[in-house]
Structures are given as structure tokens and as C-alpha cells.
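Some notes on the structure that comes next.
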Amino acid sequence: MLMPSATHRRRLRDVWRSAGWPCRDLIEIELLAAGLLERVWDAAGRETLRVTDAGIAMLAETLARNRARRDPHELLVERVAREMQRAGRIAWRGLSLRAKVESGWVMAMPDVYSVRHTTVEAYLQPVVHEIKVQRSDLLSDLRSPQKRAAYLQLGECWYVIRAGIAEPDEIPPECGVLVAGDAAFEVARPAPRRTPVPPGFQTWLALARATPVEGTLDLDQRHLGDPGDPPALDPDSAT
């Protein structure tokens with residue numbers, strides 16, 4: 001009996017989204033034999049693949065499992081982004097940014113990227129927050145020095161870890177560590193001070209195409225200023 005791997009599940013999704021043209025490789029043989037795919041011929045004798053009812057059930061199960069796994073992560077990403085915004089910074093989620101590392105250009109996808117709300121480029125203080133709620137995900141990330149190097153090229157780098165999944169000293173010393181409790185964040189180790197690296201042209205293009213986190217203002221703070229004004233907080237408090 002086939003025990004579908006992540007590769008099998010991805011192929012099922014690909015067939016579901018596409019016209020079903022076969023690749024004729026070993027993955028398809030296994031999916032066909034397991035009854036998750038079936039072969040179909042049109043009037044001209046052209047063969048395509050179709051996801052069976054059993055395959056659809058597996059896709060639904062995978063979707064539910066992925067949502068259950070991702071929801072805590074996405075909630076914490078949203079929480080960090082809001083904290084950056086409340087600290088007087090402009091924050092983005094889900095950006096794809098190019099970064100220069102020793103081996104060449106790589107794509108970096110920080111969970112949260114933020115800059116100070118300022119018109120002076122030297123004061124922007126770009127900060128990357130990488131969010132981890134599962135220990136296995138954190139350890140996998142820490143085994144990728146190239147990814148970490150890309151983050152450090154983009155700005156100051158912080159790992160935000162859910163309380164209990166790791167000790168702060170497991171995180172490389174070039175990164176800061178925030179521990180996310182149920183109600184607040186604890187600075188377990190500040191990020192080392194680095195010479196500010198203003199965003200490059202490619203980063204500015206990515207920011208121009210993206211939408212920052214929508215601003216919010218707590219109701220009990222509205223008397224302190226016009227809702228259109230940025231919060232009167234020290235940007236350094238964001239980290």
C-alpha cells in the first residue's frame with residue numbers, strides 16, 4: 001500500500017490544477033496504482049490524468065493538516081507585524097527579496113520585514129523577523145547558513161520563537177532572539193548592533209509592489225494625536 005510522501009501530494013495538487021497532461025514518471029505510476037489518479041482518453045485518443053475521489057479526499061486531508069499546522073505560525077507572524085507597526089515602523093509580510101551572499105544572489109522570504117517611519121535613508125534600520133512555532137521547523141532553518149546570511153544582508157535579524165521550543169543559545173549569536181509568550185514578547189537576547197544597510201534598488205522595487213501591514217491605533221490612545229499621524233513611539237522599541 002502506498003504511503004504518500006510530500007512529493008506525491010504535490011503531484012496530486014499539480015494534476016488537480018492543470019489539464020492533467022501526464023509526466024509518465026515513477027511518481028505517476030505509484031499514484032495510478034494507488035487509485036489516486038486515473039487515466040482518461042478523449043475522442044482524439046489523447047491521454048490525460050484525472051484525480052480520483054480518493055485523491056480528492058487525500059488533498060482535502062492534506063489541506064486541513066497544513067492549515068492546522070500553519071495557523072499558529074500565521075497568527076504569530078500577524079502579531080509581530082502589528083507590534084512593529086505599533087512601534088512606529090512600516091512592516092510587510094510575505095515579501096520575496098533578493099539578497100547578495102557569497103555564492104551569489106538568493107531569494108529571501110522573511111516572515112516580517114520592517115523599516116523605521118522616516119525620510120532619512122540612514123535611519124531606516126531594516127529589521128527581519130523570522131517566526132518559528134515548531135522546533136523541527138526551527139532546526140531545519142538553522143541548518144541553512146545561506147538563508148541566515150541573506151537575512152543579515154537585508155538588515156538586523158531576529159528569531160521569534162514560541163516559548164518552550166528552544167533555548168536562546170541554540171540560535172546563532174549574530175541574530176537576536178524574542179520569545180513569544182501567550183501575552184507578551186520577552187527579549188531573550190538582543191540582536192548585535194550592525195552598521196545600517198539601506199535597502200537596495202531591488203528591495204525598494206519589492207516594497208513598492210507590496211502592501212504594508214495596515215495601520216491600527218488603539219482606541220484608548222486616540223486622544224494623543226490625530227489617527228492619521230504615526231504612533232509617537234521610539235522606533236528602537238520595536239526591537
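Scheme for the C-alpha cells: letters A, B, ... for chains in order shown; per-chain residue numbers from 1; ligand numbers from 1 in order shown.
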Please identify which residues in segment 63-139 of chain A DSSP calls strand (DSSP E) from the backbone, and express them as a PDB file with N, CA and C atoms, in the first residue's frame.
ATOM      1  N   ARG A  89       6.919  51.608  13.096  1.00  0.00           N
ATOM      2  CA  ARG A  89       7.619  51.123  11.918  1.00  0.00           C
ATOM      3  C   ARG A  89       6.619  50.778  10.812  1.00  0.00           C
ATOM      4  N   ILE A  90       7.124  50.686   9.586  1.00  0.00           N
ATOM      5  CA  ILE A  90       6.327  50.205   8.463  1.00  0.00           C
ATOM      6  C   ILE A  90       6.706  48.750   8.255  1.00  0.00           C
ATOM      7  N   ALA A  91       5.730  47.862   8.284  1.00  0.00           N
ATOM      8  CA  ALA A  91       6.004  46.423   8.250  1.00  0.00           C
ATOM      9  C   ALA A  91       5.319  45.766   7.056  1.00  0.00           C
ATOM     10  N   TRP A  92       5.997  44.756   6.541  1.00  0.00           N
ATOM     11  CA  TRP A  92       5.462  43.950   5.442  1.00  0.00           C
ATOM     12  C   TRP A  92       5.520  42.472   5.822  1.00  0.00           C
ATOM     13  N   ARG A  93       4.586  41.716   5.291  1.00  0.00           N
ATOM     14  CA  ARG A  93       4.569  40.258   5.463  1.00  0.00           C
ATOM     15  C   ARG A  93       4.696  39.590   4.107  1.00  0.00           C
ATOM     16  N   LEU A  97      12.528  38.932  -1.370  1.00  0.00           N
ATOM     17  CA  LEU A  97      13.559  39.950  -1.556  1.00  0.00           C
ATOM     18  C   LEU A  97      14.861  39.301  -2.013  1.00  0.00           C
ATOM     19  N   ARG A  98      15.555  39.972  -2.917  1.00  0.00           N
ATOM     20  CA  ARG A  98      16.849  39.477  -3.370  1.00  0.00           C
ATOM     21  C   ARG A  98      17.933  39.946  -2.409  1.00  0.00           C
ATOM     22  N   ALA A  99      18.845  39.036  -2.088  1.00  0.00           N
ATOM     23  CA  ALA A  99      19.951  39.368  -1.191  1.00  0.00           C
ATOM     24  C   ALA A  99      21.241  38.783  -1.750  1.00  0.00           C
ATOM     25  N   LYS A 100      22.324  39.510  -1.583  1.00  0.00           N
ATOM     26  CA  LYS A 100      23.634  39.083  -2.089  1.00  0.00           C
ATOM     27  C   LYS A 100      24.387  38.357  -0.993  1.00  0.00           C
ATOM     28  N   VAL A 101      24.723  37.098  -1.233  1.00  0.00           N
ATOM     29  CA  VAL A 101      25.554  36.320  -0.317  1.00  0.00           C
ATOM     30  C   VAL A 101      26.794  35.860  -1.084  1.00  0.00           C
ATOM     31  N   GLY A 104      26.369  34.179  -4.419  1.00  0.00           N
ATOM     32  CA  GLY A 104      25.629  34.913  -5.440  1.00  0.00           C
ATOM     33  C   GLY A 104      24.311  35.433  -4.892  1.00  0.00           C
ATOM     34  N   TRP A 105      23.404  35.793  -5.782  1.00  0.00           N
ATOM     35  CA  TRP A 105      22.108  36.325  -5.385  1.00  0.00           C
ATOM     36  C   TRP A 105      21.165  35.187  -5.005  1.00  0.00           C
ATOM     37  N   VAL A 106      20.445  35.371  -3.910  1.00  0.00           N
ATOM     38  CA  VAL A 106      19.446  34.390  -3.488  1.00  0.00           C
ATOM     39  C   VAL A 106      18.162  35.139  -3.149  1.00  0.00           C
ATOM     40  N   MET A 107      17.052  34.401  -3.182  1.00  0.00           N
ATOM     41  CA  MET A 107      15.774  34.975  -2.790  1.00  0.00           C
ATOM     42  C   MET A 107      15.540  34.707  -1.309  1.00  0.00           C
ATOM     43  N   ALA A 108      15.237  35.745  -0.563  1.00  0.00           N
ATOM     44  CA  ALA A 108      14.935  35.628   0.860  1.00  0.00           C
ATOM     45  C   ALA A 108      13.464  35.978   1.079  1.00  0.00           C
ATOM     46  N   VAL A 112       8.497  38.694   8.520  1.00  0.00           N
ATOM     47  CA  VAL A 112       8.168  40.104   8.709  1.00  0.00           C
ATOM     48  C   VAL A 112       9.411  40.930   8.389  1.00  0.00           C
ATOM     49  N   TYR A 113       9.231  41.955   7.572  1.00  0.00           N
ATOM     50  CA  TYR A 113      10.306  42.892   7.251  1.00  0.00           C
ATOM     51  C   TYR A 113       9.784  44.285   7.582  1.00  0.00           C
ATOM     52  N   SER A 114      10.587  45.069   8.294  1.00  0.00           N
ATOM     53  CA  SER A 114      10.110  46.393   8.683  1.00  0.00           C
ATOM     54  C   SER A 114      11.233  47.414   8.633  1.00  0.00           C
ATOM     55  N   VAL A 115      10.830  48.667   8.462  1.00  0.00           N
ATOM     56  CA  VAL A 115      11.769  49.791   8.494  1.00  0.00           C
ATOM     57  C   VAL A 115      11.164  50.887   9.358  1.00  0.00           C
ATOM     58  N   ARG A 116      12.001  51.796   9.820  1.00  0.00           N
ATOM     59  CA  ARG A 116      11.516  52.939  10.580  1.00  0.00           C
ATOM     60  C   ARG A 116      10.675  53.865   9.708  1.00  0.00           C
ATOM     61  N   VAL A 127      14.793  45.663   9.622  1.00  0.00           N
ATOM     62  CA  VAL A 127      14.791  44.537  10.559  1.00  0.00           C
ATOM     63  C   VAL A 127      14.008  43.372   9.952  1.00  0.00           C
ATOM     64  N   VAL A 128      14.583  42.191  10.057  1.00  0.00           N
ATOM     65  CA  VAL A 128      13.929  40.953   9.632  1.00  0.00           C
ATOM     66  C   VAL A 128      13.537  40.163  10.874  1.00  0.00           C
ATOM     67  N   HIS A 129      12.288  39.717  10.917  1.00  0.00           N
ATOM     68  CA  HIS A 129      11.845  38.812  11.977  1.00  0.00           C
ATOM     69  C   HIS A 129      11.455  37.475  11.346  1.00  0.00           C
ATOM     70  N   GLU A 130      12.103  36.412  11.764  1.00  0.00           N
ATOM     71  CA  GLU A 130      11.779  35.067  11.300  1.00  0.00           C
ATOM     72  C   GLU A 130      11.037  34.351  12.425  1.00  0.00           C
ATOM     73  N   ILE A 131       9.835  33.857  12.127  1.00  0.00           N
ATOM     74  CA  ILE A 131       8.928  33.333  13.146  1.00  0.00           C
ATOM     75  C   ILE A 131       8.972  31.814  13.150  1.00  0.00           C
ATOM     76  N   LYS A 132       9.118  31.212  14.332  1.00  0.00           N
ATOM     77  CA  LYS A 132       9.145  29.757  14.449  1.00  0.00           C
ATOM     78  C   LYS A 132       8.253  29.326  15.609  1.00  0.00           C
TER      79      LYS A 132
END
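Within the 12 Å cut-off around Ser103 of chain A, using only C-alpha atoms and omitting residues fewer than 5 positions from it on the same chain, the listed residues are Pro145, Gln146, Lys147, Ala149 and Ala150 of chain A.
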Convert the current residue selection to file output with N, CA and C atoms, as a PDB file, in the first residue's frame.
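Output (out.pdb):
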ATOM      1  N   PRO A 145      22.774  28.124   6.676  1.00  0.00           N
ATOM      2  CA  PRO A 145      23.507  29.372   6.901  1.00  0.00           C
ATOM      3  C   PRO A 145      23.334  30.370   5.763  1.00  0.00           C
ATOM      4  N   GLN A 146      23.092  29.887   4.535  1.00  0.00           N
ATOM      5  CA  GLN A 146      22.902  30.797   3.406  1.00  0.00           C
ATOM      6  C   GLN A 146      21.642  31.629   3.588  1.00  0.00           C
ATOM      7  N   LYS A 147      20.585  30.993   4.086  1.00  0.00           N
ATOM      8  CA  LYS A 147      19.340  31.716   4.327  1.00  0.00           C
ATOM      9  C   LYS A 147      19.550  32.793   5.383  1.00  0.00           C
ATOM     10  N   ALA A 149      22.398  34.214   6.169  1.00  0.00           N
ATOM     11  CA  ALA A 149      23.263  35.250   5.601  1.00  0.00           C
ATOM     12  C   ALA A 149      22.459  36.214   4.746  1.00  0.00           C
ATOM     13  N   ALA A 150      21.470  35.694   4.034  1.00  0.00           N
ATOM     14  CA  ALA A 150      20.613  36.563   3.215  1.00  0.00           C
ATOM     15  C   ALA A 150      19.819  37.512   4.101  1.00  0.00           C
TER      16      ALA A 150
END
Fewer than 4 positions away in the same chain doesn't count, so skip those; otherwise give me all residues within 12 Å of Ala184 of chain A, counting only C-alpha atoms, as a short mmCIF file (atom, residue, chain, number, x, y, z; two decimals) with N, CA and C atoms, in the first residue's frame.
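What landed in result-v3.cif:
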data_model
loop_
_atom_site.label_atom_id
_atom_site.label_comp_id
_atom_site.auth_asym_id
_atom_site.auth_seq_id
_atom_site.Cartn_x
_atom_site.Cartn_y
_atom_site.Cartn_z
N LEU A 76 1.16 34.23 14.82
CA LEU A 76 2.32 34.87 15.44
C LEU A 76 2.97 35.87 14.47
N ARG A 79 0.96 38.91 14.71
CA ARG A 79 1.20 39.57 16.00
C ARG A 79 2.49 40.38 15.96
N VAL A 80 3.56 39.80 15.39
CA VAL A 80 4.83 40.50 15.30
C VAL A 80 4.71 41.71 14.38
N GLU A 83 3.02 44.47 16.14
CA GLU A 83 3.90 45.09 17.14
C GLU A 83 4.88 46.05 16.47
N VAL A 160 11.98 34.92 16.24
CA VAL A 160 10.89 34.95 17.22
C VAL A 160 10.42 33.52 17.40
N ARG A 162 8.34 30.50 19.63
CA ARG A 162 7.29 30.23 20.60
C ARG A 162 7.92 29.68 21.87
N ALA A 163 7.44 30.14 23.01
CA ALA A 163 8.02 29.73 24.29
C ALA A 163 8.03 28.20 24.41
N LEU A 178 13.68 36.70 20.31
CA LEU A 178 12.47 37.08 21.04
C LEU A 178 11.69 35.81 21.35
N VAL A 179 11.26 35.68 22.60
CA VAL A 179 10.44 34.54 22.99
C VAL A 179 9.00 35.01 23.10
N ALA A 180 8.12 34.36 22.37
CA ALA A 180 6.71 34.75 22.33
C ALA A 180 5.92 33.95 23.35
#
